[in-house]
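Colleague: Got protein.txt for you, compact mmCIF, C-alpha atoms:
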```txt
# COMPACT_ATOMS: atom_id res chain seq x y z
CA MET A 3 0.20 -25.64 -183.23
CA ASP A 4 -1.73 -27.30 -180.42
CA ASP A 5 -4.38 -24.98 -178.99
CA PRO A 6 -4.01 -24.06 -175.32
CA LEU A 7 -5.64 -26.49 -172.91
CA VAL A 8 -9.04 -25.01 -172.02
CA THR A 9 -10.84 -28.06 -170.61
CA ALA A 10 -13.85 -27.12 -168.47
CA ILE A 11 -13.54 -28.47 -164.94
CA PRO A 12 -15.83 -28.60 -161.89
CA ASP A 13 -15.55 -25.88 -159.28
CA TYR A 14 -12.60 -26.34 -156.89
CA ALA A 15 -11.37 -24.26 -153.99
CA HIS A 16 -7.95 -24.07 -155.66
CA ARG A 17 -6.65 -24.33 -159.19
CA VAL A 18 -2.90 -24.78 -159.61
CA ALA A 19 -0.89 -25.01 -162.84
CA VAL A 20 2.65 -26.31 -162.31
CA TYR A 21 5.22 -25.65 -165.03
CA ASP A 22 8.73 -26.94 -165.46
CA MET A 23 10.92 -24.25 -167.06
CA ASP A 24 13.90 -25.49 -169.11
CA ARG A 25 12.79 -26.87 -172.48
CA THR A 26 9.18 -26.63 -171.33
CA ILE A 27 8.62 -22.88 -171.33
CA THR A 28 12.06 -22.12 -172.76
CA ARG A 29 13.37 -23.38 -176.09
CA SER A 30 16.56 -24.73 -174.49
CA GLY A 31 18.26 -25.12 -171.14
CA THR A 32 19.11 -21.90 -169.29
CA TYR A 33 21.65 -23.01 -166.69
CA SER A 34 24.82 -23.08 -168.85
CA GLY A 35 23.70 -19.96 -170.70
CA PHE A 36 23.42 -18.05 -167.44
CA LEU A 37 26.90 -19.04 -166.28
CA ILE A 38 28.46 -17.99 -169.58
CA HIS A 39 26.41 -14.76 -169.62
CA VAL A 40 27.82 -13.84 -166.21
CA ALA A 41 31.41 -14.82 -167.05
CA ARG A 42 31.46 -12.81 -170.28
CA ARG A 43 30.23 -9.65 -168.58
CA ARG A 44 32.01 -9.96 -165.25
CA GLN A 45 35.29 -11.91 -165.47
CA GLN A 46 36.05 -12.96 -169.02
CA TRP A 47 39.15 -14.85 -167.95
CA ARG A 48 36.85 -17.48 -166.45
CA LEU A 49 35.89 -18.57 -169.97
CA LEU A 50 39.37 -20.11 -170.12
CA LEU A 51 38.07 -22.59 -167.54
CA LEU A 52 35.45 -24.01 -169.91
CA PRO A 53 37.58 -27.14 -170.55
CA LEU A 54 37.31 -27.86 -166.81
CA VAL A 55 33.54 -27.45 -167.10
CA GLY A 56 33.69 -30.08 -169.83
CA LEU A 57 35.66 -32.41 -167.56
CA ALA A 58 33.07 -31.97 -164.81
CA GLY A 59 30.37 -32.86 -167.33
CA ALA A 60 32.28 -35.99 -168.28
CA ALA A 61 32.60 -36.95 -164.61
CA TRP A 62 28.83 -36.58 -164.24
CA SER A 63 28.24 -38.69 -167.37
CA LEU A 64 30.39 -41.41 -165.81
CA ARG A 65 28.40 -41.06 -162.56
CA LEU A 66 31.46 -40.04 -160.61
CA ILE A 67 29.58 -36.98 -159.31
CA ASP A 68 25.88 -36.21 -159.01
CA ARG A 69 23.92 -33.31 -160.53
CA SER A 70 24.20 -31.20 -157.40
CA ARG A 71 27.98 -31.48 -157.33
CA LEU A 72 28.18 -30.76 -161.06
CA LYS A 73 26.17 -27.56 -160.65
CA ALA A 74 28.30 -26.39 -157.74
CA ILE A 75 31.55 -27.05 -159.62
CA ASN A 76 30.42 -25.20 -162.75
CA LEU A 77 29.15 -22.24 -160.71
CA ARG A 78 32.45 -22.04 -158.86
CA LEU A 79 34.43 -22.15 -162.12
CA LEU A 80 32.45 -19.59 -164.10
CA VAL A 81 31.12 -17.26 -161.39
CA GLY A 82 33.30 -17.82 -158.33
CA LYS A 83 33.55 -19.58 -154.99
CA ARG A 84 31.79 -16.66 -153.25
CA PHE A 85 30.14 -13.60 -154.76
CA ARG A 86 27.94 -10.68 -153.80
CA ARG A 87 24.25 -10.82 -154.66
CA ALA A 88 24.27 -7.13 -155.51
CA GLU A 89 26.95 -7.78 -158.13
CA ILE A 90 25.17 -10.71 -159.78
CA ALA A 91 21.60 -9.38 -159.59
CA PRO A 92 21.92 -6.96 -162.56
CA LEU A 93 23.37 -9.79 -164.66
CA ALA A 94 20.48 -12.06 -163.67
CA GLU A 95 18.09 -9.33 -164.82
CA SER A 96 19.83 -8.84 -168.16
CA TYR A 97 19.91 -12.61 -168.70
CA ALA A 98 16.19 -12.80 -167.96
CA ASP A 99 15.59 -10.08 -170.56
CA LYS A 100 17.56 -12.13 -173.07
CA VAL A 101 15.65 -15.35 -172.36
CA VAL A 102 12.24 -13.68 -172.49
CA ALA A 103 13.08 -11.75 -175.67
CA ARG A 104 14.04 -14.73 -177.80
CA GLY A 105 14.21 -17.94 -175.78
CA LEU A 106 10.59 -18.91 -175.08
CA HIS A 107 8.06 -21.13 -176.81
CA PRO A 108 5.20 -18.85 -177.95
CA ALA A 109 2.79 -21.74 -177.37
CA ALA A 110 3.94 -21.94 -173.74
CA LEU A 111 3.09 -18.26 -173.33
CA ASP A 112 -0.34 -18.95 -174.80
CA GLN A 113 -0.89 -21.74 -172.26
CA LEU A 114 0.26 -19.59 -169.35
CA ALA A 115 -2.20 -16.91 -170.43
CA ALA A 116 -5.02 -19.46 -170.80
CA ASP A 117 -4.38 -20.94 -167.35
CA ARG A 118 -4.20 -17.47 -165.79
CA GLU A 119 -7.49 -16.52 -167.44
CA ALA A 120 -9.07 -19.74 -166.16
CA GLY A 121 -8.17 -18.80 -162.59
CA TYR A 122 -5.13 -21.05 -162.06
CA ARG A 123 -2.35 -20.08 -159.68
CA LEU A 124 0.83 -20.39 -161.73
CA LEU A 125 3.70 -22.27 -160.05
CA LEU A 126 7.11 -22.56 -161.71
CA ALA A 127 9.07 -25.60 -160.45
CA THR A 128 12.57 -25.94 -161.87
CA ALA A 129 16.02 -27.30 -161.10
CA SER A 130 17.57 -24.03 -162.28
CA PHE A 131 18.83 -21.47 -159.75
CA HIS A 132 16.55 -19.01 -157.96
CA LEU A 133 19.41 -16.60 -158.68
CA TYR A 134 17.98 -15.87 -162.15
CA VAL A 135 14.74 -17.89 -162.33
CA ASP A 136 12.96 -15.35 -160.12
CA ALA A 137 13.71 -12.63 -162.67
CA ILE A 138 12.30 -14.73 -165.53
CA ALA A 139 9.20 -15.61 -163.51
CA ARG A 140 8.47 -11.94 -162.77
CA ARG A 141 8.54 -11.14 -166.46
CA LEU A 142 6.08 -13.95 -167.18
CA GLY A 143 3.66 -13.00 -164.42
CA ILE A 144 4.14 -16.30 -162.61
CA ASP A 145 2.76 -16.32 -159.07
CA ASP A 146 5.18 -18.62 -157.22
CA VAL A 147 8.60 -20.16 -157.84
CA LEU A 148 10.29 -23.32 -156.59
CA ALA A 149 13.90 -23.52 -157.74
CA THR A 150 17.32 -24.71 -156.61
CA ARG A 151 18.67 -22.61 -153.77
CA LEU A 152 22.27 -21.56 -153.20
CA ASP A 153 23.98 -21.30 -149.83
CA GLU A 154 23.95 -17.86 -148.18
CA PRO A 155 25.72 -18.39 -144.84
CA ASP A 156 26.64 -14.70 -144.60
CA GLY A 157 23.07 -13.54 -145.03
CA ALA A 158 21.54 -11.95 -148.11
CA ASP A 159 24.73 -10.17 -149.20
CA HIS A 160 27.02 -13.07 -150.14
CA ILE A 161 26.26 -16.29 -151.99
CA HIS A 162 28.49 -19.36 -152.01
CA ALA A 163 28.89 -21.76 -154.93
CA ARG A 164 27.17 -24.66 -153.25
CA LEU A 165 23.59 -25.81 -153.07
CA ALA A 166 21.40 -25.21 -150.03
CA GLY A 167 19.27 -28.31 -149.80
CA ASP A 168 18.44 -30.64 -152.67
CA ASN A 169 18.68 -29.94 -156.37
CA CYS A 170 15.04 -29.18 -157.29
CA TYR A 171 14.82 -32.11 -159.72
CA GLY A 172 12.72 -35.27 -160.01
CA ASP A 173 11.54 -36.60 -156.65
CA ALA A 174 13.10 -33.63 -154.84
CA LYS A 175 11.07 -31.26 -157.01
CA PHE A 176 7.87 -33.12 -156.23
CA ALA A 177 8.70 -32.97 -152.51
CA ARG A 178 9.08 -29.21 -152.84
CA ILE A 179 5.70 -29.00 -154.61
CA SER A 180 4.07 -31.04 -151.83
CA ASP A 181 5.61 -28.76 -149.19
CA TRP A 182 4.41 -25.69 -151.09
CA LEU A 183 0.85 -27.02 -151.21
CA ALA A 184 0.90 -27.70 -147.48
CA ALA A 185 2.38 -24.26 -146.71
CA ASN A 186 -0.42 -22.66 -148.70
CA ASP A 187 -3.14 -24.76 -147.03
CA ILE A 188 -4.03 -26.44 -150.32
CA THR A 189 -5.25 -30.00 -149.84
CA ARG A 190 -5.24 -32.45 -152.74
CA GLU A 191 -8.97 -33.03 -152.52
CA ALA A 192 -9.72 -29.29 -152.78
CA ALA A 193 -7.43 -28.59 -155.74
CA HIS A 194 -7.44 -29.17 -159.46
CA VAL A 195 -3.84 -29.48 -160.65
CA ARG A 196 -2.39 -29.18 -164.12
CA ALA A 197 1.28 -30.00 -164.76
CA TYR A 198 3.51 -29.36 -167.77
CA SER A 199 6.98 -30.77 -168.45
CA ASP A 200 9.24 -31.90 -171.26
CA HIS A 201 11.21 -34.50 -169.30
CA VAL A 202 10.55 -37.94 -167.84
CA SER A 203 12.27 -36.94 -164.59
CA ASP A 204 9.12 -34.98 -163.80
CA HIS A 205 6.93 -38.08 -163.82
CA PRO A 206 6.16 -37.72 -160.06
CA MET A 207 4.49 -34.33 -160.53
CA LEU A 208 2.82 -35.40 -163.78
CA TYR A 209 1.39 -38.49 -162.11
CA PHE A 210 0.13 -36.32 -159.24
CA ALA A 211 -1.73 -33.92 -161.55
CA ASP A 212 -5.35 -34.16 -162.64
CA GLU A 213 -4.25 -33.07 -166.10
CA ALA A 214 -0.68 -33.87 -167.18
CA VAL A 215 0.81 -32.49 -170.37
CA ALA A 216 4.05 -33.70 -171.97
CA THR A 217 5.32 -30.62 -173.75
CA THR A 218 7.69 -31.20 -176.68
CA PRO A 219 8.73 -34.30 -174.73
CA SER A 220 12.08 -35.97 -174.42
CA ARG A 221 12.34 -39.53 -175.73
CA GLY A 222 11.62 -41.09 -172.36
CA LEU A 223 8.59 -38.95 -171.67
CA LYS A 224 7.30 -39.40 -175.22
CA GLN A 225 7.27 -43.15 -174.61
CA LEU A 226 5.75 -42.91 -171.12
CA ALA A 227 3.00 -40.35 -171.78
CA PRO A 228 0.69 -42.53 -173.94
CA LYS A 229 0.91 -45.36 -171.42
CA MET A 230 -0.20 -42.99 -168.66
CA GLY A 231 -2.89 -41.27 -170.71
CA TRP A 232 -1.08 -37.92 -170.59
CA GLN A 233 -1.61 -35.37 -173.32
CA VAL A 234 1.33 -34.77 -175.67
CA VAL A 235 1.84 -31.39 -177.36
CA ASP A 236 4.63 -29.93 -179.49
CA TRP A 237 5.33 -26.37 -178.41
CA ARG A 238 8.06 -25.83 -181.00
CA ALA A 239 5.47 -24.77 -183.58
CA LYS A 240 5.27 -21.06 -184.34
CA ARG A 241 2.37 -18.97 -183.14
CA GLY A 242 -0.31 -18.56 -185.73
CA ARG A 243 -3.17 -20.41 -187.33
```
Could you render the structure as structure tokens?

Modeller:
Amino acid sequence: MDDPLVTAIPDYAHRVAVYDMDRTITRSGTYSGFLIHVARRRQQWRLLLLPLVGLAGAAWSLRLIDRSRLKAINLRLLVGKRFRRAEIAPLAESYADKVVARGLHPAALDQLAADREAGYRLLLATASFHLYVDAIARRLGIDDVLATRLDEPDGADHIHARLAGDNCYGDAKFARISDWLAANDITREAAHVRAYSDHVSDHPMLYFADEAVATTPSRGLKQLAPKMGWQVVDWRAKRGR
């Protein structure tokens, strides 16, 4: 297993460690698992709509719809067009328990602990929904979360199956990170930034970082990382020496 990154750095006013979530900290994607988790425990008849979920996926593969539309369609099919936060919140908590219990890379937990010990502010930036990501982040002791938001036109009580703003992915994710830095009065010159991701879509935030780490990288990122001088680690290895 690769040891956690413990590189000594000069003194900075701010230290920020930015982590992607799905397949970076987690062993697999969490979005589909959450939708199925909710459907099974809330309205099992919605599982009969899984073929339609497959058709939506095919439409996305053919570029007939974008990722944002795909997410909204799948949420509407498996959770509903409109639902109460109070009804979904306990299911988000139980799903977070499930992910944390058996869905994380132990090496990612080691790195989170090492960065926390080194004084880094931990920022989770993911395209998954705030709806359940916040619960996972609390369990991991992560300081701040940037995730995909859902529309709440009725206030905090009801959530609609459509995105509020951009899908927090790729360039949109990096824009969210930049906005977060500005909102927290963190200038680039005064910060040392580490970034971790498994996917080439996160190249904007990896390029921005002082230390970029390709974690168990996808094919595209595995090819790009050496060209950019980014560290490559495999977090699938089991904990232990």

Colleague: Do you have the CA of Arg29 in chain A-CA of Trp232 in chain A distance handy?

Modeller: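 Going from CA of Arg29 in chain A over to CA of Trp232 in chain A, I get 21.2 Å.
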
Colleague: Counting all atoms listed in the file, what is within 12 Å of Arg118 in chain A, bar same-chain residues fewer than 3 positions away, as a PyMOL selection string?

Modeller: chain A and resi 6-8+17-20+111-115+121-125+142-145+196

Colleague: From the list A:Leu106, A:His201, A:Asp22, A:Trp237, which residue is nearest Ser220 in chain A when using only C-alpha atoms?

Modeller: A:His201

Colleague: Would you compute an axis-aligned box for range 115-134 of chain A, covering every atom listed for it in the file with 8 Å of margin on each side, and report centre and edge lengths in Å to one decimal as JSON?

Modeller:
```
{"center_x": 5.2, "center_y": -21.6, "center_z": -164.4, "size_x": 44.5, "size_y": 27.4, "size_z": 28.8}
```

Colleague: Separation of CA of Asp212 in chain A and CA of His194 in chain A, in Å?

Modeller: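 So the answer is 6.3 Å.
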
Colleague: Give one line per residue of range 118-220 of chain A that approaches range 30-54 of chain A to at most 8 Å, naming the two atoms of the closest pair and their distance in Å to one decimal, counting all atoms listed in the file; sort by chain then ascending residue number and deliver it as a Markdown table.

Modeller:
```
| residue | atom | partner | partner_atom | distance |
| --- | --- | --- | --- | --- |
| A:Ser130 | CA | A:Tyr33 | CA | 6.1 |
| A:Phe131 | CA | A:Tyr33 | CA | 7.6 |
| A:Tyr134 | CA | A:Phe36 | CA | 7.9 |
```

Colleague: Between CA of Ala120 in chain A and CA of Ala193 in chain A, what is the distance, to one decimal in Å?

Modeller: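 For CA of Ala120 in chain A relative to CA of Ala193 in chain A, the distance reads 13.8 Å.
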
Colleague: Using only C-alpha atoms, which protein or nucleic acid residues come within 9 Å of range 162-167 of chain A? Drop anything in the same chain fewer than 3 positions from it, and give the result as a PyMOL selection string.

Modeller: chain A and resi 70-71+73-78+81-86+150-156+170

Colleague: Go through A:Ile138, A:Leu72, A:Ala197, A:Ala227 and flag the residue nearest Ala214 in chain A, using only C-alpha atoms for the distances.

Modeller: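 Distance minimum relative to Ala214 in chain A lands on A:Ala197.
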
Colleague: Which is closer to Leu148 in chain A than all the others in A:Pro92, A:Asp236, A:Met23, A:Asp200, using all atoms listed in the file?

Modeller: A:Met23

Colleague: Kindly indicate which residue among A:Val202, A:Met207, A:Ala192, A:Ile27 lies nearest to Arg104 in chain A, using only C-alpha atoms for the distances.

Modeller: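 Residue with the minimum atom-to-atom distance to Arg104 in chain A: A:Ile27.
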
Colleague: Return the single residue from A:Lys175, A:Gly231, A:Lys100, A:Arg190 that is closest to Val215 in chain A, with distances computed using only C-alpha atoms.

Modeller: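 Among A:Lys175, A:Gly231, A:Lys100, A:Arg190, it is A:Gly231 that comes nearest to Val215 in chain A.
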